[in-house]
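Have a look at the structure below, then the notes.
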Amino acid sequence: MEDAYWRAPPSAGSAMSPVDVLMVNPQLRKNPDLMKDVIVAGGARRTHRVLKGGWGDAFATFRPLIEGELAPGGIQADLVDYVDDMREAYRASGLVLFPSFEEGYGMTAVEAMYCGTPVVSSSYPAIVEAVGDSAYRLCPYKDGADKWIAAVDEVLANREVWSARALERAAQLSHRQSVELHRVVDFLGRIAA
């Protein structure tokens, strides 16, 4: 992660409208059914944005899950195929919902935290490694939609606190990265000598 990049304002262009909840790439392993439940529970009182993601066409299966709910006066969900600058998407969001069943690390959550955006995430081990105690974490296998919806409500109600926690975690990760990279460079220097 490049601190300067993530802390800098997004590149020039049209600003995204603010939303309460951002979700990314609703493919099967990222728990699209729960994403749908959170969107439907938010109804007209909460705004949502779902980004398609870079791999495959996750909207092909996700759109039918919520299509019947997208009626006038119903749920508010903006399905976006592509975003030029993810910093803009994160900063325009009240929180990022990251309920994956599995991940290699949880980079979406880390990027959001670098932008100061709170995260509600799954407690999958690789994601816990990424977010530490700075995200509101739930188990995607046993915690039902009601707990995830309550978590979204809690974080949005106390956004400043959760945003500060996100920025603290970003600082921890940044420090850890510099220490670990220094150790790797030092190790490689000793091997090459």
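Lettering and numbering for the structure tokens are positional, with chains as A, B, ... in the shown order, residues counted from 1 in each chain, and ligands counted from 1 in the shown order.
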Q.
Excluding Ala145 of chain A and its own-chain neighbours fewer than 4 positions away, which residues fall within 7 Å of it when counting only C-alpha atoms? Please give them as a PyMOL selection string.
A. chain A and resi 34+37+149
Residues just named, written with all heavy atoms as an mmCIF file, in the first residue's frame:
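For reference, out.cif as written:
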data_model
loop_
_atom_site.group_PDB
_atom_site.id
_atom_site.type_symbol
_atom_site.label_atom_id
_atom_site.label_comp_id
_atom_site.auth_asym_id
_atom_site.auth_seq_id
_atom_site.Cartn_x
_atom_site.Cartn_y
_atom_site.Cartn_z
ATOM 1 N N LEU A 34 -26.322 -12.234 1.357
ATOM 2 C CA LEU A 34 -26.298 -11.328 2.497
ATOM 3 C C LEU A 34 -26.292 -9.881 2.026
ATOM 4 O O LEU A 34 -26.963 -9.025 2.606
ATOM 5 C CB LEU A 34 -25.093 -11.594 3.396
ATOM 6 C CG LEU A 34 -25.042 -10.677 4.612
ATOM 7 C CD1 LEU A 34 -26.217 -10.953 5.540
ATOM 8 C CD2 LEU A 34 -23.750 -10.822 5.343
ATOM 9 N N ASP A 37 -29.777 -9.066 1.338
ATOM 10 C CA ASP A 37 -30.552 -8.904 2.567
ATOM 11 C C ASP A 37 -30.310 -7.530 3.202
ATOM 12 O O ASP A 37 -31.241 -6.890 3.693
ATOM 13 C CB ASP A 37 -30.198 -10.003 3.571
ATOM 14 C CG ASP A 37 -30.688 -11.380 3.143
ATOM 15 O OD1 ASP A 37 -31.572 -11.462 2.267
ATOM 16 O OD2 ASP A 37 -30.164 -12.374 3.688
ATOM 17 N N ILE A 149 -27.270 -6.589 9.650
ATOM 18 C CA ILE A 149 -28.042 -5.347 9.518
ATOM 19 C C ILE A 149 -27.843 -4.479 10.760
ATOM 20 O O ILE A 149 -27.645 -3.264 10.659
ATOM 21 C CB ILE A 149 -29.528 -5.669 9.258
ATOM 22 C CG1 ILE A 149 -29.664 -6.326 7.878
ATOM 23 C CG2 ILE A 149 -30.401 -4.425 9.384
ATOM 24 C CD1 ILE A 149 -30.961 -7.093 7.671
#
Could you pull out the alpha helix (DSSP H) residues of segment 35-192 of chain A from DSSP and send them as a compact mmCIF listing (two decimals) with C-alpha atoms, in the first residue's frame?
# COMPACT_ATOMS: atom_id res chain seq x y z
CA MET A 35 -25.57 -8.24 0.40
CA LYS A 36 -29.11 -8.49 -0.94
CA ASP A 37 -30.55 -8.90 2.57
CA VAL A 38 -28.75 -5.77 3.78
CA ILE A 39 -29.96 -3.80 0.75
CA VAL A 40 -33.57 -4.94 1.17
CA ALA A 41 -33.51 -4.25 4.93
CA GLY A 42 -32.19 -0.75 4.24
CA PHE A 59 -24.14 -8.74 -11.80
CA ALA A 60 -25.53 -11.50 -14.03
CA THR A 61 -26.49 -13.44 -10.91
CA PHE A 62 -26.79 -10.53 -8.45
CA ARG A 63 -29.18 -8.31 -10.40
CA PRO A 64 -31.98 -10.95 -10.37
CA LEU A 65 -31.66 -11.19 -6.56
CA ILE A 66 -32.70 -7.57 -6.08
CA MET A 86 -11.59 3.44 -5.90
CA ARG A 87 -10.60 6.17 -3.44
CA GLU A 88 -13.59 8.13 -4.66
CA ALA A 89 -15.92 5.17 -4.15
CA TYR A 90 -14.65 4.51 -0.62
CA ARG A 91 -14.74 8.15 0.48
CA MET A 107 -7.63 -5.86 0.20
CA THR A 108 -10.99 -4.14 -0.34
CA ALA A 109 -11.33 -3.71 3.43
CA VAL A 110 -7.74 -2.44 3.76
CA GLU A 111 -8.15 0.08 0.94
CA ALA A 112 -11.35 1.39 2.54
CA MET A 113 -9.59 1.76 5.89
CA TYR A 114 -6.73 3.70 4.28
CA PRO A 125 -9.12 -15.56 9.13
CA ALA A 126 -7.46 -13.85 6.16
CA ILE A 127 -9.79 -10.87 6.56
CA VAL A 128 -9.12 -10.69 10.30
CA GLU A 129 -5.42 -10.53 9.43
CA ALA A 130 -6.23 -7.51 7.27
CA VAL A 131 -8.67 -5.59 9.47
CA ALA A 145 -28.74 -11.21 8.26
CA ASP A 146 -30.30 -9.58 11.33
CA LYS A 147 -26.88 -9.33 13.02
CA TRP A 148 -25.26 -7.92 9.87
CA ILE A 149 -28.04 -5.35 9.52
CA ALA A 150 -27.62 -4.37 13.19
CA ALA A 151 -23.85 -4.02 12.60
CA VAL A 152 -24.44 -1.70 9.64
CA ASP A 153 -26.82 0.38 11.79
CA GLU A 154 -24.25 0.50 14.64
CA VAL A 155 -21.37 1.59 12.42
CA LEU A 156 -23.40 4.22 10.57
CA ALA A 157 -24.71 5.59 13.89
CA ARG A 159 -19.29 6.49 12.00
CA GLU A 160 -16.70 8.90 13.44
CA VAL A 161 -15.56 6.29 15.98
CA TRP A 162 -15.33 3.53 13.37
CA SER A 163 -13.62 5.85 10.90
CA ALA A 164 -10.96 6.66 13.49
CA ARG A 165 -10.48 2.94 14.11
CA ALA A 166 -10.09 2.38 10.37
CA LEU A 167 -7.41 5.06 10.12
CA GLU A 168 -5.62 3.59 13.17
CA ARG A 169 -5.53 0.20 11.47
CA ALA A 170 -4.23 1.76 8.26
CA ALA A 171 -1.40 3.34 10.27
CA GLN A 172 -0.63 -0.02 11.91
CA LEU A 173 -0.56 -1.76 8.54
CA SER A 174 1.61 0.96 7.06
CA HIS A 175 4.12 0.65 9.90
CA ARG A 176 4.08 -3.13 9.67
CA GLN A 177 4.63 -2.95 5.93
CA SER A 178 7.68 -0.70 6.29
CA VAL A 179 9.21 -2.89 9.02
CA GLU A 180 8.60 -6.10 7.08
CA LEU A 181 9.89 -4.67 3.80
CA HIS A 182 13.00 -3.38 5.57
CA ARG A 183 13.59 -6.87 6.97
CA VAL A 184 13.18 -8.47 3.55
CA VAL A 185 15.59 -6.00 1.94
CA ASP A 186 18.07 -6.56 4.77
CA PHE A 187 17.76 -10.34 4.40
CA LEU A 188 18.23 -10.19 0.64
CA GLY A 189 21.25 -7.90 1.10
CA ARG A 190 22.86 -10.44 3.46
CA ILE A 191 22.22 -13.28 1.02
CA ALA A 192 23.66 -11.34 -1.90
(Q) DSSP on the backbone: which residues in chain A end up as strand (DSSP E or B)? Give the answer as an MDAnalysis selection string. (A) chainID A and resid 19:24 47:51 76:80 93:98 119:122 136:138
Q: List the neighbours of Ala58 of chain A out to 8 Å using only C-alpha atoms; skip same-chain residues closer than 4 positions along the sequence, and give me the result as a list in words.
A: Asn25, Pro26, Gln27, Lys52, Gly53 and Phe62 of chain A
Could those selected residues go to a file with all heavy atoms, as a CSV table (one decimal), in the first residue's frame?
chain,number,residue,atom,x,y,z
A,25,ASN,N,-18.1,-6.4,-5.8
A,25,ASN,CA,-18.0,-7.7,-6.4
A,25,ASN,C,-18.9,-8.8,-5.8
A,25,ASN,O,-18.4,-9.7,-5.2
A,25,ASN,CB,-16.5,-8.1,-6.5
A,25,ASN,CG,-16.3,-9.1,-7.6
A,25,ASN,OD1,-17.2,-9.6,-8.3
A,25,ASN,ND2,-15.0,-9.5,-7.7
A,26,PRO,N,-20.2,-8.8,-6.1
A,26,PRO,CA,-21.1,-9.7,-5.5
A,26,PRO,C,-21.1,-11.2,-6.1
A,26,PRO,O,-22.1,-11.8,-6.3
A,26,PRO,CB,-22.5,-9.1,-5.7
A,26,PRO,CG,-22.3,-8.3,-6.9
A,26,PRO,CD,-20.9,-7.8,-6.9
A,27,GLN,N,-19.8,-11.7,-6.3
A,27,GLN,CA,-19.7,-13.1,-6.7
A,27,GLN,C,-20.0,-14.0,-5.6
A,27,GLN,O,-20.0,-13.6,-4.4
A,27,GLN,CB,-18.4,-13.3,-7.4
A,27,GLN,CG,-17.2,-13.0,-6.5
A,27,GLN,CD,-15.9,-13.3,-7.2
A,27,GLN,OE1,-15.4,-14.4,-7.2
A,27,GLN,NE2,-15.3,-12.2,-7.7
A,52,LYS,N,-19.4,-3.8,-9.5
A,52,LYS,CA,-19.3,-5.1,-10.2
A,52,LYS,C,-18.1,-5.9,-9.9
A,52,LYS,O,-18.2,-7.1,-9.7
A,52,LYS,CB,-19.5,-4.9,-11.7
A,52,LYS,CG,-19.5,-6.1,-12.5
A,52,LYS,CD,-19.8,-5.7,-14.0
A,52,LYS,CE,-19.7,-6.9,-14.9
A,52,LYS,NZ,-19.8,-6.4,-16.3
A,53,GLY,N,-17.0,-5.3,-9.8
A,53,GLY,CA,-15.7,-6.0,-9.6
A,53,GLY,C,-15.1,-6.4,-10.9
A,53,GLY,O,-15.7,-6.3,-12.0
A,62,PHE,N,-26.4,-11.4,-9.5
A,62,PHE,CA,-26.8,-10.5,-8.4
A,62,PHE,C,-28.0,-9.7,-8.8
A,62,PHE,O,-28.9,-9.6,-8.0
A,62,PHE,CB,-25.7,-9.6,-8.0
A,62,PHE,CG,-26.0,-8.8,-6.8
A,62,PHE,CD1,-26.1,-9.4,-5.6
A,62,PHE,CD2,-26.2,-7.4,-6.9
A,62,PHE,CE1,-26.4,-8.6,-4.4
A,62,PHE,CE2,-26.5,-6.7,-5.8
A,62,PHE,CZ,-26.6,-7.3,-4.6
Q.
Can you pull out the residues contacting Ala15 of chain A? Cut-off 10 Å, using only C-alpha atoms, and skip same-chain residues under 3 positions away; I want them as a ChimeraX atom specification.
A. /A:10-12,18,88-89,92
Just write the chosen residues, N, CA, C and O atoms, as a PDB file, in the first residue's frame.
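Output below, filename selection.pdb:
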ATOM      1  N   PRO A  10      -8.819  11.886  -4.656  1.00  0.00           N
ATOM      2  CA  PRO A  10      -8.948  11.162  -5.919  1.00  0.00           C
ATOM      3  C   PRO A  10      -8.577  12.044  -7.102  1.00  0.00           C
ATOM      4  O   PRO A  10      -8.593  13.267  -7.000  1.00  0.00           O
ATOM      5  N   SER A  11      -8.274  11.399  -8.207  1.00  0.00           N
ATOM      6  CA  SER A  11      -7.934  12.138  -9.413  1.00  0.00           C
ATOM      7  C   SER A  11      -9.123  12.978  -9.869  1.00  0.00           C
ATOM      8  O   SER A  11     -10.263  12.707  -9.502  1.00  0.00           O
ATOM      9  N   ALA A  12      -8.835  13.988 -10.658  1.00  0.00           N
ATOM     10  CA  ALA A  12      -9.887  14.886 -11.134  1.00  0.00           C
ATOM     11  C   ALA A  12     -10.930  14.115 -11.925  1.00  0.00           C
ATOM     12  O   ALA A  12     -10.635  13.150 -12.611  1.00  0.00           O
ATOM     13  N   PRO A  18     -22.767  10.560  -2.482  1.00  0.00           N
ATOM     14  CA  PRO A  18     -22.592   9.785  -1.257  1.00  0.00           C
ATOM     15  C   PRO A  18     -23.639   8.679  -1.132  1.00  0.00           C
ATOM     16  O   PRO A  18     -24.788   8.838  -1.557  1.00  0.00           O
ATOM     17  N   GLU A  88     -12.354   7.358  -4.577  1.00  0.00           N
ATOM     18  CA  GLU A  88     -13.592   8.135  -4.663  1.00  0.00           C
ATOM     19  C   GLU A  88     -14.776   7.301  -4.171  1.00  0.00           C
ATOM     20  O   GLU A  88     -15.619   7.786  -3.424  1.00  0.00           O
ATOM     21  N   ALA A  89     -14.819   6.045  -4.568  1.00  0.00           N
ATOM     22  CA  ALA A  89     -15.916   5.167  -4.145  1.00  0.00           C
ATOM     23  C   ALA A  89     -15.904   4.960  -2.631  1.00  0.00           C
ATOM     24  O   ALA A  89     -16.957   5.011  -1.975  1.00  0.00           O
ATOM     25  N   ALA A  92     -16.878   8.200  -0.669  1.00  0.00           N
ATOM     26  CA  ALA A  92     -18.282   8.584  -0.844  1.00  0.00           C
ATOM     27  C   ALA A  92     -19.222   7.639  -0.097  1.00  0.00           C
ATOM     28  O   ALA A  92     -20.438   7.754  -0.230  1.00  0.00           O
TER      29      ALA A  92
END
Give me, as CSV, the closest atom pair and its distance (Å, one decimal) for every residue of segment 58-123 of chain A within a cut-off of 8 Å of segment 28-33 of chain A, counting only C-alpha atoms, rows sorted by chain and rising number.
residue,atom,partner,partner_atom,distance
A:Phe62,CA,A:Pro32,CA,6.7
A:Leu65,CA,A:Asp33,CA,7.6
A:Phe98,CA,A:Lys30,CA,7.5
A:Pro99,CA,A:Asn31,CA,6.0
A:Ser100,CA,A:Lys30,CA,3.8
A:Phe101,CA,A:Arg29,CA,5.5
A:Glu102,CA,A:Arg29,CA,6.2
I need the residues from that last selection saved to file as an mmCIF file, in the first residue's frame (with N, CA and C atoms), if you can.
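So result-v9.cif came out as:
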data_model
loop_
_atom_site.group_PDB
_atom_site.id
_atom_site.type_symbol
_atom_site.label_atom_id
_atom_site.label_comp_id
_atom_site.auth_asym_id
_atom_site.auth_seq_id
_atom_site.Cartn_x
_atom_site.Cartn_y
_atom_site.Cartn_z
ATOM 1 N N PHE A 62 -26.375 -11.393 -9.550
ATOM 2 C CA PHE A 62 -26.794 -10.528 -8.448
ATOM 3 C C PHE A 62 -28.029 -9.698 -8.795
ATOM 4 N N LEU A 65 -31.366 -11.093 -7.995
ATOM 5 C CA LEU A 65 -31.664 -11.192 -6.563
ATOM 6 C C LEU A 65 -32.408 -9.962 -6.050
ATOM 7 N N PHE A 98 -18.303 -6.029 3.771
ATOM 8 C CA PHE A 98 -17.379 -7.014 3.205
ATOM 9 C C PHE A 98 -17.647 -8.387 3.843
ATOM 10 N N PRO A 99 -18.760 -9.039 3.462
ATOM 11 C CA PRO A 99 -19.189 -10.262 4.150
ATOM 12 C C PRO A 99 -18.695 -11.574 3.538
ATOM 13 N N SER A 100 -17.531 -11.570 2.931
ATOM 14 C CA SER A 100 -17.031 -12.731 2.187
ATOM 15 C C SER A 100 -16.964 -14.007 3.025
ATOM 16 N N PHE A 101 -17.237 -15.109 2.343
ATOM 17 C CA PHE A 101 -17.058 -16.428 2.944
ATOM 18 C C PHE A 101 -15.581 -16.793 2.989
ATOM 19 N N GLU A 102 -14.828 -16.314 2.003
ATOM 20 C CA GLU A 102 -13.391 -16.582 1.950
ATOM 21 C C GLU A 102 -12.700 -15.503 1.138
#
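Counting from atom CA of Arg45 of chain A, the distance to atom CA of Val21 of chain A is 11.6 Å.
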Gln76 of chain A environment, 8 Å, only C-alpha atoms, sequence neighbours closer than 3 positions dropped, as a compact mmCIF listing (two decimals) with C-alpha atoms, in the first residue's frame:
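Once everything was written out, this is around_26.txt:
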# COMPACT_ATOMS: atom_id res chain seq x y z
CA ILE A 39 -29.96 -3.80 0.75
CA GLY A 43 -35.23 -0.07 2.11
CA ALA A 44 -35.78 3.55 1.20
CA ARG A 46 -30.56 3.81 3.32
CA THR A 47 -28.61 4.17 0.07
CA HIS A 48 -26.39 1.44 -1.37
CA LEU A 70 -36.00 -2.04 -7.17
Q. By how many Å are atom CA of Asp78 of chain A and atom CA of Gly54 of chain A apart?
A.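 Atom CA of Asp78 of chain A sits 17.0 Å away from atom CA of Gly54 of chain A.
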Can you list, as a PDB file with N, CA and C atoms, in the first residue's frame, every protein, DNA or RNA residue that comes within 7 Å of Tyr136 of chain A when you count only C-alpha atoms, leaving out same-chain residues fewer than 4 positions away?
ATOM      1  N   VAL A 119     -15.497  -0.337   8.117  1.00  0.00           N
ATOM      2  CA  VAL A 119     -15.755  -1.617   7.463  1.00  0.00           C
ATOM      3  C   VAL A 119     -16.545  -2.533   8.389  1.00  0.00           C
ATOM      4  N   VAL A 120     -17.557  -3.179   7.824  1.00  0.00           N
ATOM      5  CA  VAL A 120     -18.253  -4.284   8.477  1.00  0.00           C
ATOM      6  C   VAL A 120     -17.853  -5.506   7.671  1.00  0.00           C
ATOM      7  N   SER A 121     -17.132  -6.440   8.303  1.00  0.00           N
ATOM      8  CA  SER A 121     -16.559  -7.543   7.539  1.00  0.00           C
ATOM      9  C   SER A 121     -16.824  -8.891   8.175  1.00  0.00           C
ATOM     10  N   ALA A 151     -25.225  -4.515  12.663  1.00  0.00           N
ATOM     11  CA  ALA A 151     -23.851  -4.025  12.598  1.00  0.00           C
ATOM     12  C   ALA A 151     -23.757  -2.801  11.687  1.00  0.00           C
TER      13      ALA A 151
END
**Q.** Distance criterion (only C-alpha atoms): nearest to Met1 of chain A out of A:Lys142, A:Cys115, A:Gly132, A:Arg137
**A.** A:Cys115
